[in-house]
file run.txt (compact mmCIF, C-alpha atoms)
# COMPACT_ATOMS: atom_id res chain seq x y z
CA MET A 1 85.38 59.47 53.77
CA VAL A 2 86.60 59.88 50.18
CA LYS A 3 84.06 61.56 47.94
CA HIS A 4 83.90 62.01 44.16
CA ASN A 5 86.57 60.97 41.65
CA ASN A 6 89.59 62.53 43.40
CA VAL A 7 93.11 61.26 44.12
CA ILE A 8 93.22 58.80 47.01
CA PRO A 9 94.98 60.47 50.00
CA ASN A 10 98.41 58.87 50.27
CA GLN A 11 100.77 61.48 51.75
CA HIS A 12 104.34 60.43 52.47
CA PHE A 13 105.17 62.18 55.72
CA HIS A 14 107.91 59.81 56.87
CA LYS A 15 110.46 60.06 54.08
CA LYS A 16 113.09 61.27 56.52
CA TRP A 17 113.01 57.77 58.03
CA ALA A 18 113.28 56.08 54.63
CA GLY A 19 116.25 58.04 53.33
CA GLY A 20 116.81 61.73 54.02
CA ALA A 21 114.64 64.77 53.39
CA ASN A 22 114.35 64.06 49.65
CA GLY A 23 113.93 60.30 49.98
CA SER A 24 116.88 59.60 47.65
CA MET A 25 118.47 56.97 49.91
CA ARG A 26 116.93 53.54 49.96
CA GLY A 27 118.43 51.52 52.77
CA PRO A 28 118.80 51.66 56.54
CA ILE A 29 117.13 54.38 58.64
CA HIS A 30 118.56 57.81 57.93
CA ILE A 31 117.41 60.65 60.19
CA VAL A 32 118.05 64.26 59.12
CA THR A 33 119.88 66.19 61.86
CA TRP A 34 120.77 69.86 62.31
CA PHE A 35 123.90 69.62 64.43
CA HIS A 36 125.75 71.93 62.02
CA GLN A 37 123.24 74.76 62.61
CA ALA A 38 125.64 76.86 64.74
CA ALA A 39 128.47 76.35 62.24
CA GLN A 40 126.19 77.35 59.33
CA LYS A 41 125.17 80.48 61.23
CA LYS A 42 128.84 81.43 61.65
CA ALA A 43 129.57 80.68 57.98
CA ARG A 44 126.70 82.94 56.87
CA ARG A 45 127.93 85.75 59.14
CA LEU A 46 131.47 85.50 57.79
CA LYS A 47 130.12 85.47 54.23
CA ARG A 48 128.12 88.64 54.90
CA ALA A 49 131.19 90.33 56.39
CA GLU A 50 133.30 89.28 53.37
CA LYS A 51 130.67 90.63 50.96
CA ALA A 52 130.44 93.93 52.91
CA ALA A 53 134.25 94.32 52.81
CA LYS A 54 134.24 93.70 49.06
CA VAL A 55 131.71 96.48 48.33
CA SER A 56 133.04 98.90 51.00
CA PRO A 57 132.54 101.87 51.36
CA ARG A 58 129.26 101.38 49.45
CA PRO A 59 126.10 100.36 51.41
CA THR A 60 125.70 96.61 51.89
CA GLY A 61 122.04 96.73 50.77
CA GLY A 62 122.83 97.69 47.17
CA LEU A 63 121.53 100.64 45.15
CA LEU A 64 119.08 103.35 46.16
CA ARG A 65 115.64 102.48 44.78
CA PRO A 66 112.44 104.53 44.37
CA ALA A 67 109.19 104.20 46.33
CA VAL A 68 106.50 102.90 43.98
CA HIS A 69 102.92 101.63 44.24
CA CYS A 70 102.26 97.97 43.51
CA PRO A 71 100.32 97.18 40.29
CA THR A 72 96.63 96.08 40.05
CA ILE A 73 93.63 97.36 42.04
CA LYS A 74 94.15 94.73 44.74
CA TYR A 75 97.64 95.93 45.78
CA ASN A 76 97.97 99.52 44.49
CA SER A 77 97.47 100.98 47.99
CA LYS A 78 100.77 99.41 49.12
CA VAL A 79 104.12 101.16 48.62
CA ARG A 80 107.30 99.17 47.98
CA LEU A 81 110.80 99.68 46.55
CA GLY A 82 110.85 99.81 42.73
CA ARG A 83 113.40 98.83 40.10
CA GLY A 84 114.89 102.27 39.49
CA PHE A 85 114.35 106.03 39.20
CA THR A 86 112.99 107.58 35.99
CA ALA A 87 114.86 110.10 33.87
CA GLU A 88 112.25 112.72 34.86
CA GLU A 89 112.90 112.17 38.58
CA LEU A 90 116.67 112.42 38.13
CA LYS A 91 116.29 115.60 36.07
CA ALA A 92 114.08 117.20 38.75
CA ALA A 93 116.66 116.25 41.43
CA LYS A 94 119.47 117.73 39.21
CA ILE A 95 121.39 114.45 38.96
CA PRO A 96 122.80 113.55 35.51
CA LEU A 97 121.64 110.18 34.21
CA LYS A 98 125.17 108.86 33.62
CA LEU A 99 126.37 110.03 37.04
CA ALA A 100 123.41 108.40 38.85
CA ARG A 101 124.53 104.89 37.89
CA THR A 102 128.02 105.56 39.28
CA ILE A 103 126.96 106.89 42.71
CA GLY A 104 124.69 104.05 43.80
CA ILE A 105 121.35 105.12 42.28
CA ALA A 106 119.29 102.56 40.36
CA VAL A 107 117.89 103.83 37.01
CA ASP A 108 114.87 102.42 35.14
CA LEU A 109 114.25 104.07 31.77
CA ARG A 110 111.05 102.07 31.17
CA ARG A 111 109.18 103.37 34.21
CA VAL A 112 106.89 106.39 33.69
CA ASN A 113 105.67 108.91 36.30
CA LYS A 114 101.87 108.98 36.16
CA SER A 115 101.26 111.36 39.08
CA ALA A 116 102.83 114.50 40.56
CA GLU A 117 102.77 112.87 44.02
CA SER A 118 105.03 109.92 43.05
CA LEU A 119 107.39 112.30 41.24
CA ALA A 120 107.65 114.64 44.25
CA ARG A 121 108.14 111.71 46.67
CA ASN A 122 111.03 110.22 44.69
CA VAL A 123 112.65 113.61 44.01
CA ALA A 124 112.62 114.21 47.79
CA ARG A 125 114.15 110.74 48.23
CA LEU A 126 116.96 111.58 45.79
CA SER A 127 117.58 114.96 47.44
CA GLU A 128 117.88 113.32 50.87
CA TYR A 129 120.32 110.76 49.43
CA LYS A 130 122.41 113.56 47.89
CA GLU A 131 122.67 115.33 51.25
CA LYS A 132 123.80 112.18 53.08
CA LEU A 133 126.10 110.92 50.31
CA VAL A 134 129.86 110.85 50.98
CA LEU A 135 131.44 110.63 47.52
CA PHE A 136 134.95 109.13 47.48
CA PRO A 137 137.35 110.15 44.66
CA LYS A 138 137.93 107.62 41.86
CA LYS A 139 141.65 107.49 42.59
CA LYS A 140 142.64 107.20 46.23
CA LEU A 141 145.78 109.37 46.02
CA SER A 142 144.30 112.14 43.85
CA ALA A 143 143.02 115.41 45.31
CA PRO A 144 139.22 115.52 45.78
CA LYS A 145 137.29 117.27 43.00
CA LYS A 146 134.11 119.34 43.28
CA GLY A 147 131.40 117.37 45.07
CA GLU A 148 133.82 114.76 46.42
CA ALA A 149 134.58 114.24 50.11
CA SER A 150 137.66 115.68 51.78
CA PRO A 151 140.24 113.35 53.40
CA ALA A 152 138.78 114.15 56.84
CA GLU A 153 135.22 113.31 55.69
CA GLN A 154 136.46 110.09 54.09
CA ALA A 155 138.15 109.04 57.34
CA ALA A 156 135.00 109.77 59.36
CA ALA A 157 132.68 107.95 56.93
CA THR A 158 131.35 104.51 57.89
CA GLN A 159 129.79 101.83 55.73
CA TYR A 160 125.98 101.80 55.87
CA MET A 161 124.62 98.34 56.68
CA GLY A 162 121.40 97.49 54.83
CA ALA A 163 119.41 99.10 52.02
CA PRO A 164 119.89 102.89 51.72
CA LEU A 165 116.88 104.95 52.89
CA PRO A 166 114.55 102.03 53.71
CA LEU A 167 110.81 102.68 53.59
CA ALA A 168 109.33 103.40 57.01
CA LYS A 169 106.25 101.39 57.91
CA ALA A 170 103.43 103.74 58.87
CA ALA A 171 101.92 102.90 62.26
CA PRO A 172 98.15 102.29 61.99
CA ASP A 173 95.92 105.04 63.40
CA VAL A 174 94.02 103.46 66.28
CA ALA A 175 91.68 105.67 68.29
CA SER A 176 91.53 104.78 71.98
CA MET A 177 88.96 105.73 74.61
CA LYS A 178 88.44 105.22 78.34
CA VAL A 179 86.14 102.32 79.29
CA THR A 180 83.39 103.76 81.50
CA ALA A 181 80.92 101.98 83.78
CA GLU A 182 78.15 102.76 81.27
CA LEU A 183 80.09 101.00 78.49
CA LYS A 184 80.71 97.99 80.73
CA ALA A 185 77.00 97.76 81.57
CA THR A 186 76.00 97.90 77.89
CA MET A 187 75.52 94.40 76.46
CA CYS A 188 76.37 94.88 72.79
CA HIS A 189 75.77 91.26 71.85
CA SER A 190 72.24 91.36 73.32
CA GLN A 191 71.48 94.62 71.50
CA ILE A 192 72.62 93.15 68.19
CA ARG A 193 70.48 90.03 68.75
CA VAL A 194 67.40 92.12 69.60
CA ALA A 195 67.94 94.37 66.56
CA ARG A 196 68.38 91.31 64.32
CA THR A 197 65.18 89.73 65.69
CA ASP A 198 63.24 92.99 65.28
CA ALA A 199 64.37 93.28 61.66
CA LYS A 200 63.40 89.65 61.02
CA LEU A 201 59.91 89.96 62.54
CA VAL A 202 58.89 93.32 61.01
CA GLY A 203 56.51 91.72 58.50
CA LEU A 204 54.97 89.21 60.93
CA ARG A 205 54.38 91.87 63.59
CA ALA A 206 52.81 94.25 61.06
CA LYS A 207 50.53 91.45 59.85
CA ALA A 208 49.54 90.52 63.44
CA LYS A 209 48.83 94.18 64.25
CA LYS A 210 46.65 94.54 61.14
CA GLU A 211 44.70 91.34 61.97
CA LYS A 212 44.16 92.54 65.54
CA GLU A 213 42.80 95.91 64.33
CA GLU A 214 40.46 94.17 61.86
CA ALA A 215 39.20 91.81 64.59
CA GLU A 216 38.48 94.77 66.90
CA LYS A 217 36.56 96.51 64.08
CA GLU A 218 34.46 93.41 63.51
CA LYS A 219 33.65 93.20 67.24
CA LYS A 220 32.47 96.83 67.27
CA ASN A 221 30.32 96.28 64.19
CA LYS A 222 28.66 93.22 65.76
CA LYS A 223 27.84 95.15 68.96
CA LYS A 224 26.10 97.88 66.88
call {"tool": "encode", "arguments": {"input": "run.txt", "output": "structure tokens"}}
result
Amino acid sequence: MVKHNNVIPNQHFHKKWAGGANGSMRGPIHIVTWFHQAAQKKARRLKRAEKAAKVSPRPTGGLLRPAVHCPTIKYNSKVRLGRGFTAEELKAAKIPLKLARTIGIAVDLRRVNKSAESLARNVARLSEYKEKLVLFPKKKLSAPKKGEASPAEQAAATQYMGAPLPLAKAAPDVASMKVTAELKATMCHSQIRVARTDAKLVGLRAKAKKEKEEAEKEKKNKKK
């Protein structure tokens, strides 16, 4: 039953029958179908392959990003990928700021390191990236310079699919124990109910006990 001065429920759940998913058509019955689902799947795959070929040999997932804590008290325990590395992090990892942008490292000059832990974590992240990085020369036919990959390394290199150095999800620590016969015999629900009842009746039982003691005292006094 409708209560208070609210909008009268009048949901339109059958628009697909009256003219497509958006209800733009007004005419005969028009049912939305998904017969092109397989074709769309193939088109998306080909598009991904085309995009990967365009950015090759760079990773398909874009730039390397830092691990940062989410803002606000509600979410600051969670770690996610940030916008870019700070100048302090790049300096500690011995990567020039101008070079970082050219070798697939995202830079954010507005971000500030507020703890030694976050700085150390992202410096380690940059160091790992440097070790795994295969740097191709700017010009294909030129001889490789210092820090660039040799022709053999270039030939062996493969394109990385996905974001570089993705954050690993930590598995929750769950302590397990063997279920014994004693544990099976223990009725936890009954124990909780009894404990709850005991806590509820503390005052009444204390009052009843006091009244009983007083009544016994009166009886003794009368006998005397």
call {"tool": "atom_distance", "arguments": {"input": "run.txt", "atom1": "atom CA of Leu109 of chain A", "atom2": "atom CA of Gly84 of chain A"}}
result
8.0 Å
call {"tool": "residues_around", "arguments": {"input": "run.txt", "residues": "Ala52 of chain A", "least_positions_apart": "6", "cutoff": "12 Å", "atoms": "all atoms listed in the file", "output": "list in words"}}
result
Arg45, Leu46, Arg58, Pro59, Thr60, Gly61, Gly62, Thr158, Gln159, Tyr160, Met161 and Gly162 of chain A
call {"tool": "closest_residue", "arguments": {"input": "run.txt", "among": "A:Lys138, A:Val7, A:Leu167, A:Pro57", "to": "Gly82 of chain A", "atoms": "all atoms listed in the file"}}
result
A:Leu167
call {"tool": "residues_near_point", "arguments": {"input": "run.txt", "point": "(126.4, 107.2, 42.7)", "cutoff": "9 Å", "atoms": "only C-alpha atoms", "output": "list of chain:residue names"}}
result
A:Leu63, A:Leu64, A:Leu99, A:Ala100, A:Arg101, A:Thr102, A:Ile103, A:Gly104, A:Ile105, A:Ala106, A:Leu133, A:Leu135
call {"tool": "write_last_selection", "arguments": {"input": "run.txt", "atoms": "C-alpha atoms", "output": "PDB file, in the coordinates of the input"}}
result
ATOM      1  CA  LEU A  63     121.530 100.640  45.150  1.00  0.00           C
ATOM      2  CA  LEU A  64     119.080 103.350  46.160  1.00  0.00           C
ATOM      3  CA  LEU A  99     126.370 110.030  37.040  1.00  0.00           C
ATOM      4  CA  ALA A 100     123.410 108.400  38.850  1.00  0.00           C
ATOM      5  CA  ARG A 101     124.530 104.890  37.890  1.00  0.00           C
ATOM      6  CA  THR A 102     128.020 105.560  39.280  1.00  0.00           C
ATOM      7  CA  ILE A 103     126.960 106.890  42.710  1.00  0.00           C
ATOM      8  CA  GLY A 104     124.690 104.050  43.800  1.00  0.00           C
ATOM      9  CA  ILE A 105     121.350 105.120  42.280  1.00  0.00           C
ATOM     10  CA  ALA A 106     119.290 102.560  40.360  1.00  0.00           C
ATOM     11  CA  LEU A 133     126.100 110.920  50.310  1.00  0.00           C
ATOM     12  CA  LEU A 135     131.440 110.630  47.520  1.00  0.00           C
TER      13      LEU A 135
END
call {"tool": "closest_residue", "arguments": {"input": "run.txt", "among": "A:Lys94, A:Arg83, A:Lys54, A:Arg48", "to": "Arg110 of chain A", "atoms": "all atoms listed in the file"}}
result
A:Arg83
call {"tool": "closest_residue", "arguments": {"input": "run.txt", "among": "A:Gly147, A:Lys212, A:Ser118, A:Glu88", "to": "Glu131 of chain A", "atoms": "all atoms listed in the file"}}
result
A:Gly147
call {"tool": "closest_residue", "arguments": {"input": "run.txt", "among": "A:Ala143, A:Ala92, A:Val134, A:Leu97", "to": "Ala120 of chain A", "atoms": "all atoms listed in the file"}}
result
A:Ala92
call {"tool": "closest_residue", "arguments": {"input": "run.txt", "among": "A:Ala87, A:Ile8, A:Ala49, A:Ala163", "to": "Arg65 of chain A", "atoms": "all atoms listed in the file"}}
result
A:Ala163
call {"tool": "atom_distance", "arguments": {"input": "run.txt", "atom1": "atom CA of Val79 of chain A", "atom2": "atom CA of Ala67 of chain A"}}
result
6.3 Å
call {"tool": "atom_distance", "arguments": {"input": "run.txt", "atom1": "atom CA of Thr197 of chain A", "atom2": "atom CA of Lys209 of chain A"}}
result
17.0 Å
call {"tool": "closest_residue", "arguments": {"input": "run.txt", "among": "A:Lys98, A:Arg80, A:Lys139, A:Lys210", "to": "Pro166 of chain A", "atoms": "all atoms listed in the file"}}
result
A:Arg80
call {"tool": "build_atoms", "arguments": {"input": "run.txt", "residues": "segment 63-80 of chain A", "atoms": "N, CA, C and O atoms", "output": "compact mmCIF listing (two decimals), keeping the file's coordinate frame"}}
result
# COMPACT_ATOMS: atom_id res chain seq x y z
N LEU A 63 121.81 99.31 45.69
CA LEU A 63 121.53 100.64 45.15
C LEU A 63 120.32 101.29 45.81
O LEU A 63 119.47 100.60 46.39
N LEU A 64 120.26 102.61 45.70
CA LEU A 64 119.08 103.35 46.16
C LEU A 64 117.95 103.13 45.16
O LEU A 64 118.15 103.27 43.95
N ARG A 65 116.78 102.78 45.66
CA ARG A 65 115.64 102.48 44.78
C ARG A 65 114.46 103.37 45.12
O ARG A 65 114.31 103.82 46.26
N PRO A 66 113.56 103.62 44.14
CA PRO A 66 112.44 104.53 44.37
C PRO A 66 111.30 103.87 45.13
O PRO A 66 111.22 102.64 45.22
N ALA A 67 110.41 104.69 45.68
CA ALA A 67 109.19 104.20 46.33
C ALA A 67 108.09 104.19 45.28
O ALA A 67 107.79 105.23 44.69
N VAL A 68 107.53 103.04 45.02
CA VAL A 68 106.50 102.90 43.98
C VAL A 68 105.28 102.17 44.54
O VAL A 68 105.38 101.47 45.54
N HIS A 69 104.14 102.35 43.87
CA HIS A 69 102.92 101.63 44.24
C HIS A 69 102.86 100.31 43.48
O HIS A 69 103.23 100.26 42.30
N CYS A 70 102.39 99.28 44.15
CA CYS A 70 102.26 97.97 43.51
C CYS A 70 101.20 98.04 42.40
O CYS A 70 100.26 98.82 42.48
N PRO A 71 101.33 97.20 41.35
CA PRO A 71 100.32 97.18 40.29
C PRO A 71 99.03 96.49 40.71
O PRO A 71 99.01 95.80 41.74
N THR A 72 97.99 96.66 39.91
CA THR A 72 96.63 96.08 40.05
C THR A 72 95.86 96.74 41.20
O THR A 72 96.43 97.25 42.16
N ILE A 73 94.53 96.72 41.07
CA ILE A 73 93.63 97.36 42.04
C ILE A 73 93.78 96.73 43.42
O ILE A 73 93.66 97.40 44.44
N LYS A 74 94.07 95.45 43.46
CA LYS A 74 94.15 94.73 44.74
C LYS A 74 95.30 95.25 45.62
O LYS A 74 95.16 95.35 46.83
N TYR A 75 96.44 95.59 45.00
CA TYR A 75 97.64 95.93 45.78
C TYR A 75 98.12 97.37 45.61
O TYR A 75 99.15 97.73 46.17
N ASN A 76 97.41 98.20 44.80
CA ASN A 76 97.97 99.52 44.49
C ASN A 76 97.99 100.50 45.67
O ASN A 76 98.55 101.57 45.57
N SER A 77 97.40 100.12 46.80
CA SER A 77 97.47 100.98 47.99
C SER A 77 98.79 100.78 48.74
O SER A 77 99.15 101.61 49.58
N LYS A 78 99.51 99.71 48.43
CA LYS A 78 100.77 99.41 49.12
C LYS A 78 101.95 100.07 48.39
O LYS A 78 101.98 100.13 47.17
N VAL A 79 102.91 100.53 49.17
CA VAL A 79 104.12 101.16 48.62
C VAL A 79 105.31 100.24 48.89
O VAL A 79 105.47 99.74 49.99
N ARG A 80 106.11 100.03 47.85
CA ARG A 80 107.30 99.17 47.98
C ARG A 80 108.46 99.81 47.21
O ARG A 80 108.28 100.82 46.53
